[in-house]
Structures are given as C-alpha cells and as structure tokens.
Amino acid sequence: MQEPHVRDSLGSLLRSWDGEEVIIRHDAPTGAWIAIAIYSTRLGPATGGTRMRPYPDLTAAVRDALHLAESMAYKFAIADFPRGGGKAVIAVPPDLRPEERPALLRRYGSLIKGLGGLYETGPDIGTSPEDMDLIAETGAPHVFCRTPAAGGAGDSGPATARGVFEGIRVVCRHLWDGDVSGRRVLVQGAGSVGGRLIELLRAARAEVLVSDVDERALRRFRGEPGVTLLPPHAVLDTPCDVFAPCALGGVLSEETIPRLRCRAVAGAANNQLAAEDDAARLQERAILYAPDFVLNLGGAVAITGVEALGWPAAEAEERVAGIVADALQHILATAAAEGITTVAAGRRLAESRLYGELHSSSQL
Ligand code: NAI
Ligand code: PHE
C-alpha cells in the first residue's frame, strides 16, 4: 500500500521542477524504468549521459535524472557551448540478467530516436562506450562516446579528468600561490575519471591519497611511489590540501562537512552537495569549493565538440582545460569580490548565458 505515497512524492517532485519536460517509460520485458529529463533546450539539443543502476523506487530515479539534467545545462552554459541540458536514468531491477541488457539498451535507443533530436546521450555511471554502440544501433545519430572501432571518440573520463586537474591547479594558485607539486590531494574513486586524475597528479608531483570501494580499481596504484591507499571509511577524516570526490554525488552534507580536514574540495562527481545550504556550510568552514558543474564539464564538452562540432581530437583536452581554468578563475574572483559562495557565482555565470545577464536565481 505504498503506491499513493510514491505517486504523491513523484507528483510533487515533477510539479516543483523548473525544467522543460520529463519522459518516463516502463520497459515491460525487464521491469526497468527509463526517465529522460530535458532541463533546457535554450542553447541546443538537451545532452547528457545515461545513468544505469538500481534505485530504491521510481521517485528516487526521477529525482536523480532531474538534478543531473540541470547540472548538464549549467556545464554547457559555463562552456558557452551550443548544447542544452538533459539526462537519462535507466532504473534496472537489481537482478537484471546480463543477456537482457543489449535488448533493453536497443529499446532505449529507439526511444531516443523517437524524440527526434530533442535529447542526445553519452555514458555515465553504469554505462560504457560499448553500451553506446548498442544504443546507437537504434538511436543514432543522437549517441556520443561510441567506441573508436564503431567510429566514436570513446570514453569521456580522460577529458573530464583533464578539466578537473586544471581546476585543481587553479585552486592551488588561488590558495597557495603555487602549483600542485607537493600538495596532498585525496582522490575518492579511482574509476574512469579518478584513475586518470591520479596519473595527472602524479606526473605533476603531487602527493596523492586514493580510496575506492572496489579493490580492482586500486590494483594498478598499489606500491606506486607518491600514492597512498586509504580505506573508504577514512576519507572524510584524513588531512589533505584538496579533496577530489570522483565517485558518487551527495558526499558533502550537514553530517560530512564538519568532519572534512581539507582546504578545498575540487572533484568530478556530479551533484556533490547533498543540499543547497551545503555551499554556505563549506564557506563557513573556509573550505574552498570548486563547483562540480564547472570542474567536470570537460568530458561532455570535449567529446561533443569532437563528434558534433568537428573539433580536432588532439586539441579537445587542451580546449576544455582552458575553459575550466578561465571559468573557475572568474568564479573565484566574483565570489571573493561579492562575498557570495562559489556555487552562487558559478550559477550566475551559467545563468547569464542561459537566460541573459539580467536573470539570476542565485542570491546565496
Ligand atoms: P566510474 O564508475 O568509472 O568510477 C567511479 C569509482 O568510484 C569506481 O571505481 C567505484 O568503485 C568508486 N566508488 C564508488 N563508491 C565509492 C566510495 N564510497 N568510496 C570510494 N570509491 C567509491 O565513474 P567515472 O566515470 O569515473 O565518474 C566518477 C564521477 O564523476 C561520477 O559521479 C560521474 O557522474 C562524474 N562524472 C563523470 C564524467 C565522465 O566523463 N566519466 C563526466 C562528469 C562527471
Ligand atoms: N557523464 C557525462 C557528464 O556527466 C555525460 C556525457 C559524456 C554527455 C559525454 C555527453 C558526452 O558530464
């Protein structure tokens, strides 16, 4: 008898959202739910990754899609890039059999195709370039990051990591007037983005602390000079200069912020703040927060730039590194000059491009 409550909370969630459209589809053969959130098409087709994982219920899945779609709109706006923001969530049953997956992804591709270019996708947590190949069988041309063998630009993780690395360099210059060399950077999550970020930090002679819940992700860093492995429960309490969350969202909250022992948070994870007030909580503790929608725009912008706008692949990472550095410097200067949070300053920059200079919802 939980159904009326679920319906109510889903209804209020959708009513209070200020995006453009949400498409929800039940996939009868697998029992999966597909939610595609179109936050904004003002700057171009709504573009964003496909997150595929189990959720406790449909409302939780839709909530994730809505938040993530908004972040995508902010990323593209910050980069002044002709794409709008969207995101898809495929909420799969925990017992989905591997052999059911390809057909589910092809049905999802047909759904995207039917939207006629309103929404374009790429990978996110739980999907890979190989999955993009399957989705593209029915969803092309609205699918980015296919494997190079299938004609795509492949994984977006390395370009995202390049942007995050550049953001950490800006943070180091801002706080210590120096580079990352010798700084202690704690990377949470050594996956596609975090793994490459660790390599970049090591090449720049940072001292790197790494944590991951999956032993396989840590294997290649075990015994590496300059890299210390940490158990997941030690992440929040370990002293470091920069904390770089590169795993799941919601890591910065009323409960976790008081425990942090860093001077800055600068990482890739989408939607790191559990609640809006957490930006002010970080500011009160004098912890510099580099907004996630600025730091992690590199993958989506670089790959979309290469595949849709014809950017030379060899230049894409350099371009997004410059975009992240310029935007973050501007945001830090605005936040300092006006005494507002970095999130408010970042929103203002994005909204000036999304809606024009006069509009801003960011009064924090
Ligand atoms: P991934 O799935 O390749 O790696 C995530 C890693 O985090 C995995 O190794 C996982 O075991 C680990 N992890 C999960 N929970 C953890 C915990 N509690 N403590 C420590 N490690 C934990 O994902 P990917 O692609 O590297 O993305 C990382 C984050 O960055 C995600 O939040 C994603 O949404 C975001 N992001 C990724 C982009 C991309 O281009 N891949 C672009 C923009 C944002
Ligand atoms: N996962 C990417 C992000 O959150 C989404 C993406 C990657 C979209 C590549 C398009 C192309 O930014």
# chains A, B, ... in the order shown; residues from 1 in each chain; ligands from 1
>>> residues_around(residues="Arg63 in chain A", least_positions_apart="6", cutoff="9 Å", atoms="only C-alpha atoms", output="PyMOL selection string")
chain A and resi 10+13-14
>>> residues_around(residues="range 251-259 of chain A", least_positions_apart="3", cutoff="7 Å", atoms="only C-alpha atoms", output="PyMOL selection string")
chain A and resi 236-237+272-275+278+282
>>> write_last_selection(atoms="N, CA, C and O atoms", output="PDB file, in the first residue's frame")
ATOM      1  N   LEU A 236      36.924  11.014   4.894  1.00  0.00           N
ATOM      2  CA  LEU A 236      36.496  12.333   5.386  1.00  0.00           C
ATOM      3  C   LEU A 236      37.406  12.877   6.479  1.00  0.00           C
ATOM      4  O   LEU A 236      37.574  14.085   6.588  1.00  0.00           O
ATOM      5  N   ASP A 237      38.002  12.003   7.266  1.00  0.00           N
ATOM      6  CA  ASP A 237      38.773  12.445   8.437  1.00  0.00           C
ATOM      7  C   ASP A 237      40.270  12.586   8.162  1.00  0.00           C
ATOM      8  O   ASP A 237      41.021  12.947   9.059  1.00  0.00           O
ATOM      9  N   GLN A 272      27.722  17.058  -5.947  1.00  0.00           N
ATOM     10  CA  GLN A 272      28.429  16.710  -4.705  1.00  0.00           C
ATOM     11  C   GLN A 272      27.724  17.236  -3.460  1.00  0.00           C
ATOM     12  O   GLN A 272      27.824  16.665  -2.388  1.00  0.00           O
ATOM     13  N   LEU A 273      27.012  18.374  -3.594  1.00  0.00           N
ATOM     14  CA  LEU A 273      26.317  18.949  -2.433  1.00  0.00           C
ATOM     15  C   LEU A 273      25.009  18.205  -2.205  1.00  0.00           C
ATOM     16  O   LEU A 273      24.180  18.104  -3.116  1.00  0.00           O
ATOM     17  N   ALA A 274      24.816  17.703  -0.972  1.00  0.00           N
ATOM     18  CA  ALA A 274      23.568  16.998  -0.674  1.00  0.00           C
ATOM     19  C   ALA A 274      22.393  17.972  -0.657  1.00  0.00           C
ATOM     20  O   ALA A 274      21.276  17.619  -1.010  1.00  0.00           O
ATOM     21  N   ALA A 275      22.640  19.215  -0.241  1.00  0.00           N
ATOM     22  CA  ALA A 275      21.579  20.233  -0.183  1.00  0.00           C
ATOM     23  C   ALA A 275      22.171  21.587  -0.551  1.00  0.00           C
ATOM     24  O   ALA A 275      23.380  21.792  -0.455  1.00  0.00           O
ATOM     25  N   ASP A 278      24.651  23.502   1.676  1.00  0.00           N
ATOM     26  CA  ASP A 278      25.994  22.966   1.920  1.00  0.00           C
ATOM     27  C   ASP A 278      27.089  23.861   1.335  1.00  0.00           C
ATOM     28  O   ASP A 278      28.219  23.836   1.820  1.00  0.00           O
ATOM     29  N   LEU A 282      30.275  24.996   3.664  1.00  0.00           N
ATOM     30  CA  LEU A 282      31.693  24.896   3.288  1.00  0.00           C
ATOM     31  C   LEU A 282      32.375  26.256   3.439  1.00  0.00           C
ATOM     32  O   LEU A 282      33.480  26.362   3.961  1.00  0.00           O
TER      33      LEU A 282
END
>>> closest_atom_pairs(of="chain A", to="ligand 2", cutoff="10 Å", atoms="only C-alpha atoms and all ligand atoms", output="Markdown table")
| residue | atom | partner | partner_atom_place_in_ligand_line | distance |
| --- | --- | --- | --- | --- |
| A:Ala46 | CA | ligand 2 | 8 (C) | 9.8 |
| A:Thr47 | CA | ligand 2 | 10 (C) | 6.0 |
| A:Gly48 | CA | ligand 2 | 8 (C) | 4.0 |
| A:Gly49 | CA | ligand 2 | 5 (C) | 3.8 |
| A:Thr50 | CA | ligand 2 | 1 (N) | 7.3 |
| A:Arg51 | CA | ligand 2 | 1 (N) | 8.0 |
| A:Leu68 | CA | ligand 2 | 4 (O) | 7.6 |
| A:Ala69 | CA | ligand 2 | 4 (O) | 8.9 |
| A:Ser71 | CA | ligand 2 | 4 (O) | 8.1 |
| A:Met72 | CA | ligand 2 | 12 (O) | 6.4 |
| A:Ala73 | CA | ligand 2 | 12 (O) | 9.9 |
| A:Lys75 | CA | ligand 2 | 12 (O) | 7.7 |
| A:Phe76 | CA | ligand 2 | 12 (O) | 9.2 |
| A:Arg83 | CA | ligand 2 | 10 (C) | 9.8 |
| A:Gly85 | CA | ligand 2 | 8 (C) | 9.3 |
| A:Gly86 | CA | ligand 2 | 8 (C) | 8.9 |
| A:Lys87 | CA | ligand 2 | 5 (C) | 8.0 |
| A:Ala88 | CA | ligand 2 | 5 (C) | 9.9 |
| A:Glu120 | CA | ligand 2 | 10 (C) | 7.5 |
| A:Thr121 | CA | ligand 2 | 10 (C) | 5.6 |
| A:Gly122 | CA | ligand 2 | 10 (C) | 4.2 |
| A:Pro123 | CA | ligand 2 | 1 (N) | 5.3 |
| A:Asp124 | CA | ligand 2 | 1 (N) | 3.9 |
| A:Ile125 | CA | ligand 2 | 1 (N) | 7.1 |
| A:Thr127 | CA | ligand 2 | 1 (N) | 9.2 |
| A:Ser128 | CA | ligand 2 | 1 (N) | 9.9 |
| A:Pro129 | CA | ligand 2 | 9 (C) | 9.6 |
| A:Val143 | CA | ligand 2 | 10 (C) | 8.2 |
| A:Phe144 | CA | ligand 2 | 11 (C) | 5.4 |
| A:Cys145 | CA | ligand 2 | 9 (C) | 6.0 |
| A:Arg146 | CA | ligand 2 | 9 (C) | 9.7 |
| A:Ala153 | CA | ligand 2 | 9 (C) | 9.4 |
| A:Gly154 | CA | ligand 2 | 9 (C) | 9.0 |
| A:Asp155 | CA | ligand 2 | 9 (C) | 7.8 |
| A:Ser156 | CA | ligand 2 | 9 (C) | 5.4 |
| A:Gly157 | CA | ligand 2 | 1 (N) | 8.1 |
| A:Ala159 | CA | ligand 2 | 9 (C) | 9.4 |
| A:Thr160 | CA | ligand 2 | 12 (O) | 7.7 |
| A:Ala268 | CA | ligand 2 | 4 (O) | 8.8 |
| A:Ala269 | CA | ligand 2 | 4 (O) | 8.3 |
| A:Asn270 | CA | ligand 2 | 4 (O) | 6.5 |
| A:Asn271 | CA | ligand 2 | 4 (O) | 9.7 |
| A:Asp292 | CA | ligand 2 | 4 (O) | 9.9 |
| A:Phe293 | CA | ligand 2 | 12 (O) | 8.3 |
| A:Leu295 | CA | ligand 2 | 12 (O) | 10.0 |
| A:Asn296 | CA | ligand 2 | 12 (O) | 6.4 |
| A:Leu297 | CA | ligand 2 | 12 (O) | 5.6 |
| A:Gly298 | CA | ligand 2 | 12 (O) | 7.4 |
| A:Gly299 | CA | ligand 2 | 9 (C) | 5.4 |
| A:Ala300 | CA | ligand 2 | 9 (C) | 3.7 |
| A:Val301 | CA | ligand 2 | 11 (C) | 6.9 |
| A:Ala302 | CA | ligand 2 | 9 (C) | 7.8 |
| A:Ile303 | CA | ligand 2 | 11 (C) | 5.6 |
| A:Thr304 | CA | ligand 2 | 11 (C) | 5.7 |
| A:Gly305 | CA | ligand 2 | 11 (C) | 9.1 |
| A:Glu307 | CA | ligand 2 | 11 (C) | 9.3 |
>>> atom_distance(atom1="atom 3 (O, counted along the ligand's line) of ligand 1", atom2="CA of Gly167 in chain A")
19.5 Å
>>> residues_around(residues="Arg169 in chain A", least_positions_apart="5", cutoff="9 Å", atoms="only C-alpha atoms", output="list in words")
Val164, His174, Gly178, Asp179, Val180 and Ala325 of chain A
>>> select_by_dssp(residues="range 127-315 of chain A", states="alpha helix (DSSP H)", output="number ranges by chain")
A: 129-139, 157-176, 192-203, 215-218, 278-284, 292-295, 298-309, 313-315
>>> atom_distance(atom1="CA of Gly195 in chain A", atom2="CA of Asp133 in chain A")
23.3 Å
>>> atom_distance(atom1="atom 7 (O, counted along the ligand's line) of ligand 1", atom2="CA of Arg184 in chain A")
19.3 Å
>>> residues_around(residues="Pro291 in chain A", least_positions_apart="4", cutoff="8 Å", atoms="only C-alpha atoms", output="PyMOL selection string")
chain A and resi 266+295+342-343+346
>>> select_by_dssp(residues="range 23-231 of chain A", states="strand (DSSP E)", output="PDB file with C-alpha atoms, in the first residue's frame")
ATOM      1  CA  ILE A  23       9.723  11.386 -20.453  1.00  0.00           C
ATOM      2  CA  ILE A  24       9.050   8.271 -18.368  1.00  0.00           C
ATOM      3  CA  ARG A  25       8.824   4.815 -19.940  1.00  0.00           C
ATOM      4  CA  HIS A  26       8.274   1.430 -18.335  1.00  0.00           C
ATOM      5  CA  ASP A  27      10.269  -1.314 -20.072  1.00  0.00           C
ATOM      6  CA  ALA A  32      13.201  -1.323 -15.802  1.00  0.00           C
ATOM      7  CA  TRP A  33      12.050   2.303 -15.676  1.00  0.00           C
ATOM      8  CA  ILE A  34      13.548   4.820 -18.098  1.00  0.00           C
ATOM      9  CA  ALA A  35      13.372   8.526 -17.229  1.00  0.00           C
ATOM     10  CA  ILE A  36      14.699  11.161 -19.619  1.00  0.00           C
ATOM     11  CA  ALA A  37      14.800  14.666 -18.121  1.00  0.00           C
ATOM     12  CA  ILE A  38      15.027  17.617 -20.511  1.00  0.00           C
ATOM     13  CA  TYR A  39      16.076  20.578 -18.379  1.00  0.00           C
ATOM     14  CA  SER A  40      16.754  23.121 -21.113  1.00  0.00           C
ATOM     15  CA  ALA A  46      19.386  18.571 -24.417  1.00  0.00           C
ATOM     16  CA  THR A  47      22.537  16.499 -23.970  1.00  0.00           C
ATOM     17  CA  GLY A  48      23.676  14.336 -21.066  1.00  0.00           C
ATOM     18  CA  GLY A  49      24.756  10.877 -20.075  1.00  0.00           C
ATOM     19  CA  THR A  50      22.746   7.739 -19.344  1.00  0.00           C
ATOM     20  CA  ARG A  51      22.980   6.509 -15.754  1.00  0.00           C
ATOM     21  CA  MET A  52      22.066   2.853 -15.369  1.00  0.00           C
ATOM     22  CA  ARG A  53      21.713   1.295 -11.924  1.00  0.00           C
ATOM     23  CA  GLY A  84      21.216  22.175 -23.663  1.00  0.00           C
ATOM     24  CA  GLY A  85      20.974  20.033 -20.553  1.00  0.00           C
ATOM     25  CA  GLY A  86      19.349  16.634 -20.200  1.00  0.00           C
ATOM     26  CA  LYS A  87      19.996  13.315 -18.513  1.00  0.00           C
ATOM     27  CA  ALA A  88      18.590   9.818 -18.633  1.00  0.00           C
ATOM     28  CA  VAL A  89      18.292   7.285 -15.876  1.00  0.00           C
ATOM     29  CA  ILE A  90      17.612   3.614 -16.526  1.00  0.00           C
ATOM     30  CA  ALA A  91      16.480   2.191 -13.192  1.00  0.00           C
ATOM     31  CA  TYR A 119      17.749  14.535 -26.397  1.00  0.00           C
ATOM     32  CA  GLU A 120      21.269  13.265 -27.109  1.00  0.00           C
ATOM     33  CA  THR A 121      23.168  10.931 -24.838  1.00  0.00           C
ATOM     34  CA  GLY A 122      26.582   9.684 -23.754  1.00  0.00           C
ATOM     35  CA  PRO A 123      27.810   7.426 -20.933  1.00  0.00           C
ATOM     36  CA  ARG A 184      48.310  16.402  -0.727  1.00  0.00           C
ATOM     37  CA  VAL A 185      45.333  15.571  -2.925  1.00  0.00           C
ATOM     38  CA  LEU A 186      42.839  12.933  -1.809  1.00  0.00           C
ATOM     39  CA  VAL A 187      41.011  11.264  -4.710  1.00  0.00           C
ATOM     40  CA  GLN A 188      37.828   9.384  -3.772  1.00  0.00           C
ATOM     41  CA  GLU A 207      51.272  13.597  -3.097  1.00  0.00           C
ATOM     42  CA  VAL A 208      48.184  11.501  -3.851  1.00  0.00           C
ATOM     43  CA  LEU A 209      45.899   9.687  -1.417  1.00  0.00           C
ATOM     44  CA  VAL A 210      43.447   7.293  -3.052  1.00  0.00           C
ATOM     45  CA  SER A 211      40.376   5.440  -1.892  1.00  0.00           C
ATOM     46  CA  VAL A 227      50.472   7.197  -3.869  1.00  0.00           C
ATOM     47  CA  THR A 228      48.945   6.156  -0.525  1.00  0.00           C
ATOM     48  CA  LEU A 229      45.862   3.944  -0.436  1.00  0.00           C
TER      49      LEU A 229
END
>>> closest_residue(among="A:Leu104, A:Leu288, A:Ala150, A:Leu248", to="ligand 1", atoms="only C-alpha atoms and all ligand atoms")
A:Leu248
